[in-house]
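Report on one structure; see the data block that follows.
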Protein chains: 2
Amino acid sequence: MFDPVAKLKEYVSHPSVSADPAFAEGMKGARELAGGLLREIGFAVDYVPTAGHPVIVAKRTGDPSWPHVIIYGHYDVQPPDPLELWTTPPFEPVERAGRLYGRGTADNKGPLMAHIAGVGRLLESDPQIPLRITFVIEGEEEIGSKHFKDFLRDHKDRLAGADFVFLSDTGIPNPDQMVITVGLRGMVCFEIELSNARTDLHSGMNGGVLLNPIQGLAELCASLHTPDGRVNIPGFYADVKEVEPWEREQLVKLGLKEKDYAEFLGIERFHTPPGYTPFEAIRFLPTLEFNGFGGGYQGEGTKTVIPSKARVKISCRLVPNQTPERMKEVIFKAIRERAPKGLKLKITDQHDAMPYVVVPPDRSNTPPDQSPVLARAFRATHQAATEIWGREPLYLREGGSVGLIADLKKELNLDAIMLGLFLPQDNLHAPDESFDLAVMHKGIETVQRILHRVARG
Amino acid sequence: MFDPVAKLKEYVSHPSVSADPAFAEGMKGARELAGGLLREIGFAVDYVPTAGHPVIVAKRTGDPSWPHVIIYGHYDVQPPDPLELWTTPPFEPVERAGRLYGRGTADNKGPLMAHIAGVGRLLESDPQIPLRITFVIEGEEEIGSKHFKDFLRDHKDRLAGADFVFLSDTGIPNPDQMVITVGLRGMVCFEIELSNARTDLHSGMNGGVLLNPIQGLAELCASLHTPDGRVNIPGFYADVKEVEPWEREQLVKLGLKEKDYAEFLGIERFHTPPGYTPFEAIRFLPTLEFNGFGGGYQGEGTKTVIPSKARVKISCRLVPNQTPERMKEVIFKAIRERAPKGLKLKITDQHDAMPYVVVPPDRSNTPPDQSPVLARAFRATHQAATEIWGREPLYLREGGSVGLIADLKKELNLDAIMLGLFLPQDNLHAPDESFDLAVMHKGIETVQRILHRVARG
């Protein structure tokens with residue numbers, strides 16, 4: 001079989017930034033590399049067009065009585081800026097001290113490579129294995145899986161009769177502790193623009209007579225939190241699900257220390273709502289975070305201008321049982337009410353993701369009603385992870401969002417087994433993103449063993 | 001003599017942006033064009049080095065008994081961005097409907113060209129005129145005349161014995177009303193940076209546990225004004241000079257209408273402190289304006305990141321008798337006190353300008369104590385402006401800052417006669433800057449006539 005590390009390097013060198021049309025070439029390169037590898041290990045590969053970037057669908061068919069697993073991944077990556085903060089260029093992958101550095105190494109090219117290689121080894125060692133596998137690798141995860149719901153609706157037949165979804169787009173706290181992610185936060189992303197004068201104005205000749213849009217937007221943004229760290233919007237916490245006792249227990253077993261986390265982030269203090277540790281806040285509470293604020297002159301030196309507009313990009317993470325629709329309703333209402341009079345307000349709705357939660361067998365006191373294959377897959381995962389990682393996996397909700405997990409649940413009633421493979425120090429979405437190659441090798445073995453047990457028992 | 005419009009086009013085509021080192025070539029081109037023209041009309045030209053951009057000093061010497069006028073101008077321009085808002089490229093000057101469009105046409109290349117051409121015609125028509133003239137044309141006005149004070153100190157001898165300064169870097173309300181500017185606001189410019197985590201963070205994995213620097217900076221900025229439009233900093237208005245009755249009268253004669261001004265700016269409503277019209281607020285009150293705010297992702301689409309830092313550029317306009325030193329003291333104190341705990345605060349002091357005020361003869365009930373040549377020059381200006389503009393000029397303070405006017409007063413005890421030549425619709429410091437060529441032609445004639453009367457009576 002192919003060398004997974006060499007192939008990962010090649011894969012990362014294709015700059016597949018889905019957010020920016022300038023990277024179309026990189027998207028194509030990454031897509032064809034992933035498709036080519038799947039073809040090499042025996043899959044029938046199809047690039048399914050969507051209104052945005054195509055979805056790679058690769059199939060190993062078989063008898064309808066065989067279990068059918070969908071393996072999900074994405075071939076797109078986050079934009080690489082700020083470029084000047086990277087030690088080496090983001091699309092020229094470099095190995096340093098057992099890690100591979102480059103944009104997308106951890107999110108999601110490395111973990112996906114572990115799945116492809118794991119399946120490759122499985123089929124090499126057991127070519128007749130009674131298992132149907134469908135890879136679904138999308139190109140728009142980093143822009144909110146914009147057309148994935150349409151893809152699911154239009155191509156239900158290709159995924160019909162699947163038993164569960166298997167993926168690695170979640171994390172582990174350290175290289176020795178496997179975590180099975182059983183919940184994800186949802187998300188709403190939007191942009192607010194406030195504008196006033198028809199053009200940028202001279203701050204001397206007109207300064208002091210009109211409301212500066214930066215000021216108006218700063219005042220609006222400042223109104224959205226209380227000093228104690230809660231979001232200051234009526235109804236924001238109304239639908240938040242109570243946390244189950246076994247969830248808190250698993251989190252305690254995780255054994256993270258606030259001091260270590262603060263040091264890792266490089267912050268002096270946490271700023272969590274009262275009554276929640278940082279580890280709880282990330283998993284169990286919704287947020288309103290500012291992702292970008294821009295207005296006026298930001299170049300070198302000074303420019304004494306009153307800008308005609310200012311913009312802020314905001315993302316809110318949602319938790320069960322919040323819905324994007326209801327949350328946008330309360331958030332946009334507050335923004336409309338608070339936008340300073342006289343300024344023109346524009347809200348651009350960008351993208352949404354539902355939150356998701358699944359209860360694994362043998363955890364909760366109220367056992368979930370789920371298919372026997374899913375329960376078998378969960379147990380196979382538990383066993384394989386325990387053998388290879390040397391201790392029992394933990395079952396935790398995670399702070400990130402993988403919107404299509406909720407879409408797969410809604411459209412095809414499929415639950416997901418999410419094997420964590422990236423580490424906190426992997427710097428996802430940030431400069432110097434990297435992936436631990438030892439974790440990747442363990443991941444390959446784990447994938448192979450889980451799928452073997454799902455098929456062979 | 002040369003054709004002033006053709007030469008202005010050539011002058012504007014040199015992109016002399018002093019704020020950005022990338023424009024060094026444009027600075028050199030503009031400098032040499034202005035110097036070449038002055039040489040052409042008989043001046044001895046010298047490029048005096050400073051720690052920044054050189055100052056052009058051009059002299060017409062003569063008998064020490066002759067009046068000596070310093071004509072000030074600047075050859076640098078504001079940065080041209082946002083480029084996409086220009087109808088035609090900023091450094092490819094184009095004439096449309098009697099106006100020349102391009103960065104620097106009005107600030108200050110067109111008005112300076114009127115001075116050079118006015119002097120050129122004067123010397124052509126009266127080669128023996130008993131008048132000493134020194135042009136001082138600096139290259140750092142748009143970055144706060146950073147090294148002009150040093151230049152004045154180091155080269156006092158070159159400017160010794162001058163009677164007054166003559167310049168056009170101020171405005172008029174319409175093409176038929178000359179305004180002599182008798183006061184300018186001062187300025188302090190600075191940048192505030194707040195930072196938290198060591199790097200940009202994933203807003204899913206870490207969202208909701210730390211104070212986002214954009215949020216911290218928005219809250220800090222929001223604290224700097226009261227809802228009624230005043231600056232919310234203790235001591236901010238302590239040193240503001242009472243306005244004299246003749247100043248209010250002149251402003252009434254200006255006859256501006258709030259409705260027209262609001263329409264011109266394209267705003268729905270004004271936001272001036274209580275008790276001041278917009279026209280008063282611009283001239284008589286200090287300000288705190290946000291010139292630029294930047295943090296996080298501002299590109300296309302979304303990037304769900306918690307930025308590690310956010311920055312805001314602020315400029316405050318000062319009025320007599322405020323000083324930059326005292327104002328920075330009260331402003332920085334408030335910022336330090338209000339910066340959110342736990343975030344790292346960095347204040348970068350950028351540049352200052354003193355406010356300035358001069359009382360013209362025959363205006364105030366308490367006549368100023370000033371030199372006979374200055375008084376004669378004021379009266380010559382009044383007469384020439386009345387003849388050429390068809391009505392008496394107005395004497396007004398202006399909202400902008402020309403810091404070196406205060407420096408010339410302080411270092412050489414020289415007052416300034418500031419002939420307004422640009423119009424509100426000239427879009428200074430903004431996209432589609434332009435200059436009215438009919439005003440330029442009237443300006444040339446006015447300059448010629450004023451200097452003739454200063455010398456010949």
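Convention: chains lettered A, B, ... in structure tokens order; per-chain residue numbering from 1; ligands numbered from 1 as shown.
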Would you mind listing what lies within 10 Å of segment 388-391 of chain A as a PDB file with C-alpha atoms, in the first residue's frame, with only C-alpha atoms counted and same-chain residues fewer than 5 positions away left out?
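Generated file (out32.pdb):
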ATOM      1  CA  PRO A 175      -1.498  11.380  22.600  1.00  0.00           C
ATOM      2  CA  ASP A 176      -2.376   8.673  25.142  1.00  0.00           C
ATOM      3  CA  GLN A 177      -6.087   9.254  25.657  1.00  0.00           C
ATOM      4  CA  MET A 178      -8.605   8.335  22.985  1.00  0.00           C
ATOM      5  CA  HIS A 382     -14.257   0.998  22.694  1.00  0.00           C
ATOM      6  CA  GLN A 383     -12.324  -2.257  22.491  1.00  0.00           C
ATOM      7  CA  VAL A 439      -1.057   9.600  16.534  1.00  0.00           C
ATOM      8  CA  LYS A 442      -2.111   4.638  15.893  1.00  0.00           C
ATOM      9  CA  GLY A 443      -5.180   6.033  14.154  1.00  0.00           C
ATOM     10  CA  GLU A 445      -4.369   0.767  13.215  1.00  0.00           C
ATOM     11  CA  THR A 446      -7.474   1.709  15.220  1.00  0.00           C
ATOM     12  CA  ARG A 449      -9.312  -2.922  13.829  1.00  0.00           C
TER      13      ARG A 449
END
Taking 6 positions as the minimum chain separation for residues in the same chain, which residues sit within 9 Å of Phe190 of chain B when counting only C-alpha atoms? Answer as a list in words.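 These residues fall inside the cut-off: Thr302 of chain A; Val312, Lys313, Ile314, Ser315, Cys316, Ile347, Thr348, Asp349, Gln350 and His351 of chain B.
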Give the strand (DSSP E) residues of segment 116-352 of chain A, as assigned by DSSP on the backbone, as a PyMOL selection string. chain A and resi 132-138+164-171+179-184+186-195+201-202+289-296+305-306+309-318+344-352
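Minimum atom-to-atom distances from B:Glu398, B:Glu193, B:Glu249, B:Glu25 to chain A were compared using only C-alpha atoms, and the lowest value belongs to B:Glu398.
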Produce a table with one row for each residue of chain A that has an atom at most 6 Å from any atom of chain B, each row naming the nearest atom pair and its distance in Å at one decimal; use only C-alpha atoms; arrange rows by chain and rising residue number; format as a Markdown table.
| residue | atom | partner | partner_atom | distance |
| --- | --- | --- | --- | --- |
| A:Ala19 | CA | B:Gly301 | CA | 5.6 |
| A:Asn196 | CA | B:Ile267 | CA | 5.7 |
| A:Ala197 | CA | B:Gly266 | CA | 4.8 |
| A:Arg198 | CA | B:Gly266 | CA | 4.9 |
| A:Asp200 | CA | B:Ala430 | CA | 5.5 |
| A:His202 | CA | B:His429 | CA | 5.7 |
| A:Gly204 | CA | B:Gly400 | CA | 3.8 |
| A:Met205 | CA | B:Gly399 | CA | 4.7 |
| A:Gly208 | CA | B:Thr287 | CA | 5.4 |
| A:Val209 | CA | B:Thr272 | CA | 4.8 |
| A:Leu210 | CA | B:His271 | CA | 4.6 |
| A:Leu211 | CA | B:His271 | CA | 5.6 |
| A:Ala218 | CA | B:Ala218 | CA | 4.3 |
| A:Glu219 | CA | B:Ala222 | CA | 4.7 |
| A:Ala222 | CA | B:Glu219 | CA | 4.7 |
| A:Leu265 | CA | B:Ala197 | CA | 5.3 |
| A:Gly266 | CA | B:Ala197 | CA | 4.8 |
| A:Ile267 | CA | B:Ala197 | CA | 5.1 |
| A:Glu268 | CA | B:Gly342 | CA | 5.5 |
| A:Arg269 | CA | B:Gly342 | CA | 5.9 |
| A:Phe270 | CA | B:Leu210 | CA | 4.9 |
| A:His271 | CA | B:Leu210 | CA | 4.6 |
| A:Thr272 | CA | B:Val209 | CA | 4.8 |
| A:Pro278 | CA | B:Val209 | CA | 5.3 |
| A:Thr287 | CA | B:Gly208 | CA | 5.4 |
| A:Asn291 | CA | B:Val305 | CA | 5.2 |
| A:Gly292 | CA | B:Gly296 | CA | 4.0 |
| A:Phe293 | CA | B:Gly295 | CA | 5.2 |
| A:Gly294 | CA | B:Gly294 | CA | 4.7 |
| A:Gly295 | CA | B:Phe293 | CA | 5.3 |
| A:Gly296 | CA | B:Gly292 | CA | 4.0 |
| A:Tyr297 | CA | B:Gly292 | CA | 4.5 |
| A:Gln298 | CA | B:Gly292 | CA | 5.6 |
| A:Gly301 | CA | B:Ala19 | CA | 5.6 |
| A:Thr304 | CA | B:Asn291 | CA | 5.8 |
| A:Val305 | CA | B:Asn291 | CA | 5.2 |
| A:Ile306 | CA | B:Asn291 | CA | 5.5 |
| A:Gly342 | CA | B:Glu268 | CA | 5.4 |
| A:Gly399 | CA | B:Met205 | CA | 4.7 |
| A:Gly400 | CA | B:Gly204 | CA | 3.8 |
| A:His429 | CA | B:His202 | CA | 5.7 |
| A:Ala430 | CA | B:Asp200 | CA | 5.6 |
Taking only segment 251-303 of chain A into account, list the residues labelled helix (DSSP H, G or I) by DSSP (computed from the backbone), as a list in words.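 Here is the list: Leu251, Val252, Lys253, Leu254, Glu258, Lys259, Asp260, Tyr261, Ala262, Glu263, Phe264, Leu265, Pro278, Phe279, Glu280, Ala281, Ile282, Arg283 and Phe284 of chain A.
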Take the residues from that selection and write them out as a short mmCIF file (atom, residue, chain, number, x, y, z; two decimals), in the first residue's frame, keeping C-alpha atoms.
data_model
loop_
_atom_site.label_atom_id
_atom_site.label_comp_id
_atom_site.auth_asym_id
_atom_site.auth_seq_id
_atom_site.Cartn_x
_atom_site.Cartn_y
_atom_site.Cartn_z
CA LEU A 251 -15.10 15.20 32.06
CA VAL A 252 -13.64 14.71 35.55
CA LYS A 253 -11.86 11.56 34.29
CA LEU A 254 -10.32 13.66 31.55
CA GLU A 258 -7.15 24.90 34.48
CA LYS A 259 -3.63 26.13 35.08
CA ASP A 260 -2.24 23.98 32.26
CA TYR A 261 -4.99 25.10 29.92
CA ALA A 262 -4.37 28.80 30.71
CA GLU A 263 -0.66 28.29 30.11
CA PHE A 264 -1.31 26.50 26.85
CA LEU A 265 -3.53 29.34 25.64
CA PRO A 278 -13.61 26.40 31.26
CA PHE A 279 -13.87 22.71 30.33
CA GLU A 280 -17.61 22.72 30.99
CA ALA A 281 -18.18 26.08 29.30
CA ILE A 282 -16.60 24.86 26.06
CA ARG A 283 -18.85 21.81 25.87
CA PHE A 284 -22.09 22.74 27.54
#
With only C-alpha atoms as the counted atoms, please give the residues lying no more than 7 Å from Tyr395 of chain B, apart from itself and same-chain residues fewer than 5 positions off, as a PyMOL selection string. chain B and resi 179-182+250
Give me the residues within 12 Å of Val69 of chain A as a PyMOL selection string, counting only C-alpha atoms and dropping any in the same chain fewer than 6 places off. chain A and resi 58-62+119+130-136+159-167+373-374+377+414-417+447+450-452+454-455
Store the residues picked out above, limited to N, CA and C atoms, as a short mmCIF file (atom, residue, chain, number, x, y, z; two decimals), in the first residue's frame.
data_model
loop_
_atom_site.label_atom_id
_atom_site.label_comp_id
_atom_site.auth_asym_id
_atom_site.auth_seq_id
_atom_site.Cartn_x
_atom_site.Cartn_y
_atom_site.Cartn_z
N ALA A 58 -16.92 7.58 -2.84
CA ALA A 58 -16.15 6.40 -3.25
C ALA A 58 -16.77 5.18 -2.58
N LYS A 59 -17.05 4.16 -3.39
CA LYS A 59 -17.83 3.02 -2.87
C LYS A 59 -17.10 1.68 -2.97
N ARG A 60 -17.28 0.88 -1.93
CA ARG A 60 -16.99 -0.55 -1.98
C ARG A 60 -18.33 -1.23 -1.72
N THR A 61 -18.92 -1.77 -2.76
CA THR A 61 -20.26 -2.35 -2.62
C THR A 61 -20.16 -3.81 -2.19
N GLY A 62 -21.31 -4.42 -1.98
CA GLY A 62 -21.29 -5.81 -1.54
C GLY A 62 -22.70 -6.28 -1.26
N VAL A 119 -8.40 1.75 6.00
CA VAL A 119 -9.24 0.94 5.12
C VAL A 119 -8.36 0.19 4.12
N PRO A 130 -16.70 -8.93 4.65
CA PRO A 130 -18.10 -8.60 4.33
C PRO A 130 -18.49 -7.24 4.91
N LEU A 131 -18.07 -6.21 4.23
CA LEU A 131 -18.32 -4.84 4.73
C LEU A 131 -18.49 -3.91 3.53
N ARG A 132 -19.59 -3.17 3.56
CA ARG A 132 -19.77 -2.13 2.53
C ARG A 132 -19.26 -0.81 3.11
N ILE A 133 -18.49 -0.09 2.30
CA ILE A 133 -17.91 1.18 2.77
C ILE A 133 -18.20 2.26 1.72
N THR A 134 -18.68 3.39 2.17
CA THR A 134 -18.83 4.54 1.27
C THR A 134 -18.08 5.73 1.87
N PHE A 135 -17.04 6.20 1.16
CA PHE A 135 -16.38 7.44 1.58
C PHE A 135 -17.17 8.62 1.03
N VAL A 136 -17.46 9.59 1.88
CA VAL A 136 -18.10 10.84 1.46
C VAL A 136 -17.17 11.96 1.94
N LEU A 159 -26.44 6.69 -0.50
CA LEU A 159 -26.09 6.45 0.91
C LEU A 159 -27.13 5.59 1.61
N ALA A 160 -28.11 5.13 0.83
CA ALA A 160 -29.24 4.40 1.41
C ALA A 160 -28.77 3.13 2.12
N GLY A 161 -29.44 2.83 3.21
CA GLY A 161 -29.18 1.59 3.92
C GLY A 161 -27.90 1.57 4.72
N ALA A 162 -27.27 2.72 4.92
CA ALA A 162 -26.05 2.74 5.74
C ALA A 162 -26.44 2.56 7.21
N ASP A 163 -25.49 2.05 8.00
CA ASP A 163 -25.76 1.80 9.41
C ASP A 163 -25.27 2.90 10.33
N PHE A 164 -24.14 3.47 9.98
CA PHE A 164 -23.61 4.56 10.82
C PHE A 164 -22.54 5.31 10.03
N VAL A 165 -22.18 6.46 10.59
CA VAL A 165 -21.13 7.28 9.99
C VAL A 165 -19.90 7.18 10.88
N PHE A 166 -18.75 7.13 10.25
CA PHE A 166 -17.50 6.99 10.99
C PHE A 166 -16.59 8.13 10.52
N LEU A 167 -16.00 8.84 11.46
CA LEU A 167 -15.14 9.97 11.04
C LEU A 167 -14.17 10.37 12.13
N VAL A 373 -26.17 -2.57 14.77
CA VAL A 373 -24.87 -2.35 14.14
C VAL A 373 -24.17 -1.14 14.77
N LEU A 374 -24.92 -0.07 15.04
CA LEU A 374 -24.32 1.10 15.68
C LEU A 374 -23.77 0.73 17.05
N ALA A 377 -20.68 -1.21 16.63
CA ALA A 377 -19.59 -0.33 16.21
C ALA A 377 -19.04 0.46 17.40
N LEU A 414 -28.90 8.88 10.60
CA LEU A 414 -27.66 8.17 10.90
C LEU A 414 -26.93 8.83 12.06
N ASP A 415 -26.46 8.01 13.00
CA ASP A 415 -25.62 8.53 14.07
C ASP A 415 -24.15 8.33 13.69
N ALA A 416 -23.29 9.00 14.46
CA ALA A 416 -21.88 9.04 14.08
C ALA A 416 -20.98 8.53 15.20
N ILE A 417 -19.93 7.83 14.79
CA ILE A 417 -18.86 7.49 15.73
C ILE A 417 -17.66 8.36 15.37
N VAL A 447 -8.52 2.34 13.13
CA VAL A 447 -9.55 2.30 12.09
C VAL A 447 -9.65 0.89 11.52
N ILE A 450 -11.26 -1.50 14.17
CA ILE A 450 -12.69 -1.24 14.40
C ILE A 450 -13.50 -1.83 13.25
N LEU A 451 -13.09 -1.51 12.01
CA LEU A 451 -13.88 -1.96 10.86
C LEU A 451 -13.84 -3.48 10.73
N HIS A 452 -12.72 -4.07 11.07
CA HIS A 452 -12.62 -5.52 11.05
C HIS A 452 -13.66 -6.14 11.99
N VAL A 454 -16.41 -4.69 13.19
CA VAL A 454 -17.79 -4.41 12.75
C VAL A 454 -18.24 -5.49 11.75
N ALA A 455 -17.30 -5.91 10.86
CA ALA A 455 -17.65 -6.87 9.81
C ALA A 455 -17.56 -8.33 10.29
#
Find the residues around Arg31 of chain A up to 9 Å (only C-alpha atoms counted), leave out those fewer than 6 positions away in its own chain, and share them as a list in words. Tyr11, Ser16, Tyr47, Pro54, Val55, Ile56, Tyr75, Asp76, Ile137, Glu138 and Gly139 of chain A
With C-alpha atoms retained, export the selected residues as a JSON list (two decimals), in the first residue's frame.
[["chain", "number", "residue", "atom", "x", "y", "z"],
["A", 11, "TYR", "CA", -2.10, 16.20, -0.05],
["A", 16, "SER", "CA", -7.55, 23.75, -0.82],
["A", 47, "TYR", "CA", -16.88, 13.44, -8.04],
["A", 54, "PRO", "CA", -17.89, 18.77, -5.59],
["A", 55, "VAL", "CA", -18.22, 15.92, -3.10],
["A", 56, "ILE", "CA", -16.02, 12.85, -3.51],
["A", 75, "TYR", "CA", -10.67, 17.95, 1.65],
["A", 76, "ASP", "CA", -10.97, 21.72, 2.19],
["A", 137, "ILE", "CA", -15.48, 13.61, 1.36],
["A", 138, "GLU", "CA", -16.83, 17.08, 0.99],
["A", 139, "GLY", "CA", -15.10, 20.34, 0.00]]
Would you work out the distance separating atom CA of Leu33 of chain B from atom CA of Ala117 of chain B, expressed in Å to one decimal? 13.5 Å
Nearest residue to Leu421 of chain B out of B:Arg153, B:Lys309, B:Arg96, B:Lys109, using only C-alpha atoms? B:Lys109
Have a look at atom CA of Gln128 of chain A and atom CA of Glu40 of chain A and let me know their distance in Å, one decimal. 16.7 Å
